[in-house]
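Text of target.tsv, listed as TSV, C-alpha atoms:
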```tsv
chain	number	residue	atom	x	y	z
N	1	MET	CA	-4.48	-1.24	5.52
N	2	LYS	CA	-4.56	0.69	2.25
N	3	LEU	CA	-0.90	0.95	1.28
N	4	TYR	CA	-1.20	-0.99	-1.99
N	5	ASP	CA	-4.90	-0.52	-2.80
N	6	LYS	CA	-4.43	2.04	-5.59
N	7	GLU	CA	-1.87	-0.15	-7.34
N	8	ILE	CA	-4.13	-3.19	-6.92
N	9	GLN	CA	-6.96	-1.30	-8.58
N	10	LYS	CA	-4.65	-0.39	-11.46
N	11	VAL	CA	-3.75	-4.05	-12.02
N	12	GLN	CA	-7.37	-5.14	-11.88
N	13	THR	CA	-8.50	-2.36	-14.23
N	14	ILE	CA	-5.79	-3.10	-16.80
N	15	PHE	CA	-6.55	-6.83	-16.87
N	16	SER	CA	-10.32	-6.28	-17.00
N	17	GLN	CA	-9.82	-4.37	-20.26
N	18	LEU	CA	-7.91	-7.26	-21.87
N	19	ASN	CA	-10.74	-9.84	-21.98
N	20	PRO	CA	-8.94	-12.21	-19.60
N	21	GLN	CA	-9.70	-15.84	-18.87
N	22	VAL	CA	-10.63	-16.36	-15.23
N	23	TYR	CA	-10.06	-19.69	-13.47
N	24	SER	CA	-10.80	-21.08	-10.04
N	25	ALA	CA	-7.77	-22.40	-8.18
N	26	GLU	CA	-8.88	-26.02	-8.10
N	27	LYS	CA	-6.28	-28.05	-10.05
N	28	PRO	CA	-2.75	-27.19	-8.88
N	29	TRP	CA	0.27	-28.22	-10.95
N	30	PRO	CA	2.51	-30.75	-9.15
N	31	VAL	CA	5.35	-29.44	-7.02
N	32	SER	CA	8.83	-30.90	-6.43
N	33	GLU	CA	10.94	-31.04	-3.29
N	34	SER	CA	13.84	-29.25	-4.95
N	35	GLU	CA	14.50	-26.84	-7.79
N	36	GLU	CA	14.61	-28.38	-11.25
N	37	LEU	CA	17.38	-27.49	-13.68
N	38	ILE	CA	15.94	-27.05	-17.17
N	39	LEU	CA	18.63	-26.97	-19.82
N	40	LYS	CA	18.07	-25.01	-23.01
N	41	SER	CA	17.88	-28.27	-24.96
N	42	ASP	CA	14.99	-29.36	-22.73
N	43	MET	CA	13.23	-25.99	-22.80
N	44	ALA	CA	9.94	-25.40	-24.62
N	45	VAL	CA	9.66	-21.68	-23.94
N	46	ASP	CA	11.37	-18.91	-21.95
N	47	LEU	CA	8.90	-16.41	-20.53
N	48	GLY	CA	10.50	-13.09	-19.71
N	49	GLY	CA	13.96	-14.23	-20.74
N	50	GLY	CA	16.65	-12.38	-22.68
N	51	GLU	CA	15.52	-8.95	-23.85
N	52	ALA	CA	11.85	-9.61	-23.14
N	53	TYR	CA	9.99	-8.07	-20.20
N	54	GLY	CA	10.09	-10.26	-17.09
N	55	ILE	CA	7.83	-8.60	-14.52
N	56	SER	CA	6.49	-9.67	-11.16
N	57	GLY	CA	4.78	-7.85	-8.34
N	58	ILE	CA	3.18	-8.67	-5.03
N	59	LEU	CA	0.60	-6.42	-3.39
N	60	PHE	CA	-1.25	-6.69	-0.09
N	61	THR	CA	-4.62	-5.55	1.19
N	62	THR	CA	-7.20	-6.23	3.86
N	63	LYS	CA	-10.08	-4.81	1.84
N	64	GLU	CA	-12.76	-7.44	1.36
N	65	ASP	CA	-14.01	-6.38	-2.08
N	66	LEU	CA	-10.55	-6.26	-3.72
N	67	VAL	CA	-9.89	-9.99	-3.30
N	68	THR	CA	-13.20	-11.76	-2.80
N	69	GLU	CA	-12.00	-15.29	-3.63
N	70	ASN	CA	-9.06	-17.31	-4.86
N	71	LYS	CA	-8.71	-17.12	-8.64
N	72	VAL	CA	-6.26	-17.02	-11.53
N	73	ILE	CA	-6.59	-14.36	-14.25
N	74	VAL	CA	-4.81	-14.89	-17.57
N	75	THR	CA	-4.42	-12.78	-20.70
N	76	GLY	CA	-2.25	-13.22	-23.77
N	77	PRO	CA	-0.86	-16.40	-25.39
N	78	SER	CA	-1.11	-19.50	-23.22
N	79	ILE	CA	1.95	-21.57	-22.34
N	80	THR	CA	1.06	-24.05	-25.07
N	81	GLU	CA	0.61	-21.27	-27.63
N	82	SER	CA	3.86	-19.59	-26.56
N	83	ALA	CA	5.74	-22.88	-26.93
N	84	LYS	CA	4.59	-23.17	-30.55
N	85	ILE	CA	6.03	-19.77	-31.47
N	86	GLU	CA	9.42	-19.82	-33.16
N	87	ALA	CA	10.73	-16.93	-31.05
N	88	GLU	CA	12.05	-18.35	-27.77
N	89	GLU	CA	11.50	-15.17	-25.74
N	90	VAL	CA	8.03	-14.01	-24.73
N	91	ASN	CA	7.17	-10.92	-22.65
N	92	TYR	CA	5.79	-11.99	-19.30
N	93	ALA	CA	4.21	-10.46	-16.21
N	94	ARG	CA	2.88	-12.03	-13.02
N	95	PHE	CA	1.13	-10.21	-10.19
N	96	VAL	CA	0.10	-11.69	-6.86
N	97	ILE	CA	-2.57	-9.88	-4.87
N	98	ILE	CA	-2.83	-11.09	-1.29
N	99	LYS	CA	-5.74	-10.39	1.04
N	100	LEU	CA	-4.31	-10.61	4.53
N	101	LYS	CA	-6.26	-11.48	7.64
N	102	LYS	CA	-6.88	-8.26	9.51
N	103	SER	CA	-5.68	-9.88	12.70
N	104	ALA	CA	-2.29	-10.45	11.03
N	105	VAL	CA	-1.59	-6.75	10.48
N	106	GLU	CA	-3.55	-4.90	13.15
N	107	ASN	CA	-1.39	-2.91	15.58
N	108	LYS	CA	1.82	-4.02	13.87
N	109	THR	CA	4.91	-1.82	13.74
N	110	THR	CA	6.52	-0.93	10.41
N	111	GLN	CA	9.24	-3.48	11.13
N	112	GLN	CA	6.65	-6.21	11.75
N	113	LEU	CA	4.70	-5.32	8.59
N	114	TYR	CA	7.86	-5.35	6.51
N	115	ALA	CA	8.78	-8.77	7.91
N	116	ILE	CA	5.31	-10.15	7.08
N	117	PHE	CA	5.36	-8.79	3.51
N	118	ARG	CA	8.86	-10.09	2.80
N	119	LYS	CA	8.14	-13.48	4.36
N	120	ILE	CA	5.18	-13.92	2.01
N	121	ASP	CA	7.09	-12.61	-0.99
N	122	TYR	CA	10.02	-14.96	-0.35
N	123	LEU	CA	7.73	-17.96	-0.77
N	124	ARG	CA	8.37	-17.75	-4.52
N	125	TYR	CA	11.98	-18.78	-3.85
N	126	HIS	CA	10.87	-21.96	-2.09
N	127	ILE	CA	8.09	-23.41	-4.24
N	128	PHE	CA	9.31	-25.64	-7.06
N	129	LEU	CA	6.87	-26.59	-9.80
N	130	GLU	CA	7.60	-29.59	-11.99
N	131	GLY	CA	9.07	-28.46	-15.30
N	132	TYR	CA	8.43	-24.79	-14.45
N	133	ALA	CA	11.56	-23.01	-13.22
N	134	MET	CA	11.14	-19.45	-11.96
N	135	ARG	CA	14.36	-17.43	-12.20
N	136	ILE	CA	14.32	-14.36	-9.97
N	137	SER	CA	16.73	-11.45	-9.75
N	138	ALA	CA	15.84	-9.02	-6.98
N	139	VAL	CA	18.78	-6.80	-7.98
N	140	GLN	CA	17.62	-6.45	-11.59
N	141	HIS	CA	13.96	-6.51	-10.52
N	142	ARG	CA	13.18	-9.32	-12.95
N	143	GLU	CA	11.40	-12.64	-12.98
N	144	SER	CA	11.50	-15.08	-15.87
N	145	VAL	CA	10.25	-18.63	-16.29
N	146	ARG	CA	11.83	-21.51	-18.18
N	147	ILE	CA	9.32	-24.28	-19.00
N	148	SER	CA	10.33	-27.75	-20.08
N	149	LYS	CA	9.09	-29.62	-23.14
N	150	LYS	CA	7.95	-32.44	-20.85
N	151	ALA	CA	5.76	-30.09	-18.78
N	152	VAL	CA	4.19	-28.63	-21.93
N	153	SER	CA	3.48	-32.12	-23.28
N	154	GLU	CA	1.80	-32.98	-19.96
N	155	GLY	CA	-0.46	-29.92	-20.14
N	156	VAL	CA	1.06	-27.26	-17.89
N	157	GLU	CA	-0.87	-24.00	-18.13
N	158	PHE	CA	-1.19	-20.78	-16.15
N	159	ASP	CA	-4.39	-21.89	-14.43
N	160	SER	CA	-2.69	-24.92	-12.84
N	161	VAL	CA	0.50	-22.98	-12.10
N	162	GLY	CA	-1.53	-20.23	-10.44
N	163	ALA	CA	-3.52	-22.78	-8.46
N	164	ALA	CA	-0.30	-24.33	-7.11
N	165	LEU	CA	1.02	-20.92	-6.06
N	166	ILE	CA	-2.28	-19.97	-4.44
N	167	LYS	CA	-2.29	-23.22	-2.47
N	168	ALA	CA	1.19	-22.42	-1.16
N	169	TYR	CA	0.33	-18.83	-0.25
N	170	CYS	CA	-2.90	-19.83	1.49
N	171	ALA	CA	-0.97	-22.26	3.69
N	172	LEU	CA	0.63	-19.24	5.39
N	173	PRO	CA	-1.25	-18.21	8.55
N	174	GLU	CA	-1.40	-14.51	7.61
N	175	VAL	CA	-3.10	-15.10	4.23
N	176	ASP	CA	-6.86	-15.09	3.70
N	177	SER	CA	-7.21	-15.28	-0.10
N	178	VAL	CA	-5.16	-14.74	-3.26
N	179	GLN	CA	-5.52	-13.61	-6.86
N	180	ILE	CA	-2.76	-14.28	-9.39
N	181	TYR	CA	-2.58	-12.43	-12.71
N	182	PHE	CA	-0.56	-13.63	-15.72
N	183	CYS	CA	0.06	-11.64	-18.89
N	184	THR	CA	2.11	-12.65	-21.95
N	185	SER	CA	2.79	-10.97	-25.27
N	186	LEU	CA	5.16	-11.23	-28.22
N	187	LYS	CA	5.53	-7.46	-28.40
N	188	LYS	CA	6.95	-4.90	-26.00
N	189	THR	CA	3.85	-2.77	-25.72
N	190	GLU	CA	2.84	0.19	-23.57
N	191	LEU	CA	0.92	-2.34	-21.50
N	192	PHE	CA	4.14	-3.89	-20.23
N	193	ARG	CA	5.63	-0.50	-19.45
N	194	GLN	CA	2.57	0.21	-17.31
N	195	LEU	CA	2.81	-3.17	-15.57
N	196	ASP	CA	6.52	-2.66	-14.95
N	197	SER	CA	5.76	0.71	-13.35
N	198	ILE	CA	3.16	-0.86	-11.03
N	199	SER	CA	5.60	-3.63	-10.10
N	200	ARG	CA	8.33	-1.16	-9.20
N	201	LYS	CA	5.91	1.04	-7.24
N	202	SER	CA	4.69	-1.92	-5.19
N	203	ASN	CA	8.27	-2.84	-4.34
N	204	ASP	CA	9.01	0.78	-3.41
N	205	ILE	CA	6.07	0.75	-1.00
N	206	THR	CA	7.37	-2.38	0.71
N	207	GLU	CA	10.93	-1.08	0.89
N	208	SER	CA	9.73	2.25	2.27
N	209	LEU	CA	8.58	0.43	5.40
N	210	ASN	CA	12.14	-0.70	5.92
N	211	GLU	CA	13.39	2.85	5.42
N	212	ILE	CA	10.86	4.15	7.93
N	213	PHE	CA	12.03	1.58	10.47
N	214	LYS	CA	15.63	2.69	10.02
N	215	GLY	CA	14.52	6.17	11.01
N	216	LEU	CA	17.33	7.79	9.06
N	217	LYS	CA	15.29	10.91	8.28
N	218	MET	CA	12.88	12.32	10.81
N	219	ASP	CA	12.20	15.56	8.93
N	220	CYS	CA	9.57	15.00	6.21
N	221	ASN	CA	10.93	17.91	4.16
N	222	THR	CA	14.35	16.26	3.78
N	223	CYS	CA	13.28	12.61	3.60
N	224	ALA	CA	13.69	10.79	0.28
N	225	GLN	CA	10.46	8.90	1.01
N	226	LYS	CA	8.36	12.09	1.07
N	227	PRO	CA	7.03	11.83	-2.53
N	228	LEU	CA	5.92	8.25	-1.89
N	229	CYS	CA	4.40	9.14	1.50
N	230	ASP	CA	2.47	11.98	-0.12
N	231	GLU	CA	1.06	9.59	-2.73
N	232	ILE	CA	0.36	6.41	-0.75
N	233	GLU	CA	-2.49	6.58	1.74
N	234	GLY	CA	-1.46	5.41	5.19
N	235	LEU	CA	2.29	5.47	4.62
N	236	LYS	CA	2.87	8.86	6.18
N	237	GLU	CA	0.77	7.85	9.20
N	238	LEU	CA	3.04	4.86	9.74
N	239	HIS	CA	6.07	7.12	9.59
N	240	LEU	CA	4.58	9.71	11.93
N	241	GLY	CA	3.43	6.95	14.26
N	242	LYS	CA	7.03	5.85	14.62
N	243	GLU	CA	8.10	9.37	15.52
N	244	LYS	CA	5.69	9.60	18.43
```
Written as C-alpha cells, that's how I'd like the structure from this file.
Amino acid sequence: MKLYDKEIQKVQTIFSQLNPQVYSAEKPWPVSESEELILKSDMAVDLGGGEAYGISGILFTTKEDLVTENKVIVTGPSITESAKIEAEEVNYARFVIIKLKKSAVENKTTQQLYAIFRKIDYLRYHIFLEGYAMRISAVQHRESVRISKKAVSEGVEFDSVGAALIKAYCALPEVDSVQIYFCTSLKKTELFRQLDSISRKSNDITESLNEIFKGLKMDCNTCAQKPLCDEIEGLKELHLGKEK
C-alpha cells in the first residue's frame, strides 16, 4: 500500500533538516479515564490556539523502511520552553505515521480501508492525557492543545506525550509500529505552510477512498478525484478495481 508514502517522505525529509530530537517511546505520560477541562486560569500554554497554526495529520503505510520502530521526533521549543514565553499562542504541528500490518490491509475494499483509517484516526478523540487537552475541529481542519500549569510543573514533554499516544495506537490490532512528529514555533513560517499542505493532502487521500466507495463518478474524465488519482500511486487502481 503506497497511498501516503510520498507525503510520509515529505514529512520525514522536512523534519530531518530541522535537527530534531529523537526519543524512544518508553516513558508514556499518564492517561485519564475522561477528558480534562483546563480553564484559561489553569493553562500554562496553548499550542495551536487562536491565530496560530494548529496542524495534525495521520498517514499510513506498509513499507518496512518508512517506519522501522516506534519513536517520537521533536523540533522547536519544548513544552517547558513554550510555557515560559509571554505569548500564549504557539504554532503547533503533529503528524502520526502508522505502519500497518500487511495482513490488515491486504485484499480490502475501499470501504474497508476507509473504515480502518478512520477507526485509527478517531483514537485521538478517545485518549485523555493528564493536563494535556487536545481540541480537535474536523470541520476547520485544526488541532490545538491546552496544557495545564500542573502538568508543566510535573514535567510533561513531547517525548512522554508521544509515548502515550504510541502505546494507544499500538494496542490496535491493525497497527505494527508508529512514529509521531511534533513541531512548534513562535513564527508563522513557510515551514508551517508546507506542513499544513501535507496535512490537508493526507486527509484528501483518506476522504477520496470514501468518494470512490460512493461511486458517484465512474468516468475518470469527469470525476473530481482525477487530479488526486493521477498524483497518488495506487489510488486510481483502487477506483478502477471497484469498477470491475
Query raised in the report: So which residues touch region 147-153 of chain N within 7 Å, counting only C-alpha atoms, skipping near sequence neighbours fewer than 4 positions away, as an MDAnalysis selection string?
Result: chainID N and resid 38 42:46 80 131:133
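Here CA of Lys99 (chain N) and CA of Leu3 (chain N) stand 12.3 Å from one another.
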**Report entry** For region 53-57 of chain N: contacts at 9 Å, only C-alpha atoms, fewer than 4 positions along chain excluded, given as an MDAnalysis selection string
**Finding:** chainID N and resid 47:49 90:97 141:145 188 192:193 195:196 198:200 202:203
Would you give me, as a Markdown table, each residue of region 93-165 of chain N having an atom within 12 Å of an atom of region 173-182 of chain N, along with its shortest atom pair and that distance in Å to one decimal, using all atoms listed in the file and sorting by chain and residue number?
```
| residue | atom | partner | partner_atom | distance |
| --- | --- | --- | --- | --- |
| N:Ala93 | CA | N:Phe182 | CA | 5.7 |
| N:Arg94 | CA | N:Phe182 | CA | 4.7 |
| N:Phe95 | CA | N:Tyr181 | CA | 5.0 |
| N:Val96 | CA | N:Ile180 | CA | 4.6 |
| N:Ile97 | CA | N:Gln179 | CA | 5.2 |
| N:Ile98 | CA | N:Val178 | CA | 4.8 |
| N:Lys99 | CA | N:Ser177 | CA | 5.2 |
| N:Leu100 | CA | N:Val175 | CA | 4.7 |
| N:Lys101 | CA | N:Asp176 | CA | 5.4 |
| N:Lys102 | CA | N:Glu174 | CA | 8.5 |
| N:Ser103 | CA | N:Glu174 | CA | 8.1 |
| N:Ala104 | CA | N:Glu174 | CA | 5.4 |
| N:Val105 | CA | N:Glu174 | CA | 8.3 |
| N:Glu106 | CA | N:Glu174 | CA | 11.3 |
| N:Leu113 | CA | N:Glu174 | CA | 11.1 |
| N:Ala115 | CA | N:Glu174 | CA | 11.7 |
| N:Ile116 | CA | N:Glu174 | CA | 8.0 |
| N:Phe117 | CA | N:Glu174 | CA | 9.8 |
| N:Lys119 | CA | N:Glu174 | CA | 10.1 |
| N:Ile120 | CA | N:Val175 | CA | 8.7 |
| N:Asp121 | CA | N:Val175 | CA | 11.7 |
| N:Val145 | CA | N:Phe182 | CA | 11.9 |
| N:Glu157 | CA | N:Phe182 | CA | 10.7 |
| N:Phe158 | CA | N:Phe182 | CA | 7.2 |
| N:Asp159 | CA | N:Phe182 | CA | 9.2 |
| N:Ser160 | CA | N:Ile180 | CA | 11.2 |
| N:Val161 | CA | N:Ile180 | CA | 9.7 |
| N:Gly162 | CA | N:Ile180 | CA | 6.2 |
| N:Ala163 | CA | N:Ile180 | CA | 8.6 |
| N:Ala164 | CA | N:Ile180 | CA | 10.6 |
| N:Leu165 | CA | N:Ile180 | CA | 8.3 |
```
Query raised in the report: Excluding same-chain residues fewer than 6 positions from Lys71 (chain N), what lies within 6 Å of it counting all atoms listed in the file, as an MDAnalysis selection string?
Result: chainID N and resid 23:25 179
Output C-alpha atoms of each residue in that selection to a file, as an mmCIF file, keeping the file's coordinate frame.
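Output file result20.cif follows:
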```
data_model
loop_
_atom_site.group_PDB
_atom_site.id
_atom_site.type_symbol
_atom_site.label_atom_id
_atom_site.label_comp_id
_atom_site.auth_asym_id
_atom_site.auth_seq_id
_atom_site.Cartn_x
_atom_site.Cartn_y
_atom_site.Cartn_z
ATOM 1 C CA TYR N 23 -10.060 -19.690 -13.470
ATOM 2 C CA SER N 24 -10.800 -21.080 -10.040
ATOM 3 C CA ALA N 25 -7.770 -22.400 -8.180
ATOM 4 C CA GLN N 179 -5.520 -13.610 -6.860
#
```
Query raised in the report: Do you have the CA of Tyr4 (chain N)-CA of Leu123 (chain N) distance handy?
Result: 19.2 Å
Query raised in the report: Closest to Tyr169 (chain N) among N:Ile8, N:Ile58, N:Leu66, N:Ile73, using only C-alpha atoms?
Result: N:Ile58
Query raised in the report: Any idea what the distance is between CA of Gln140 (chain N) and CA of Tyr125 (chain N)?
Result: 15.6 Å
Query - Shell of 9 Å around Ser34 (chain N), all atoms listed in the file, local chain residues under 3 positions omitted, as a list in words - result: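 My reading of the contact set: Val31, His126, Ile127, Phe128 and Leu129 of chain N.
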Report summary line: Closest of N:Leu59, N:Asp204, N:Lys108, N:Gly76 to Val11 (chain N), counting all atoms listed in the file, is N:Leu59
Query raised in the report: Taking into account all atoms listed in the file, which residue in the set N:Arg124, N:Lys201, N:Lys167, N:Lys6 is nearest to Asn70 (chain N)?
Result: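 Of all the options, N:Lys167 lies closest to Asn70 (chain N).
Closest approach to Asp65 (chain N) from the set N:Leu37, N:Gln12, N:Gly50, N:Pro20 is made by N:Gln12, with distances taken over all atoms listed in the file.
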Query raised in the report: Looking at N:Lys40, N:Cys183, N:Ser137, N:Glu69, which one is nearest to Cys170 (chain N), with distances taken over all atoms listed in the file?
Result: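 That would be N:Glu69, the residue with the smallest distance to Cys170 (chain N).
If only C-alpha atoms are the atoms counted, then among N:Thr13, N:Thr110, N:Thr189, N:Ser32 the closest residue to Ile205 (chain N) is N:Thr110.
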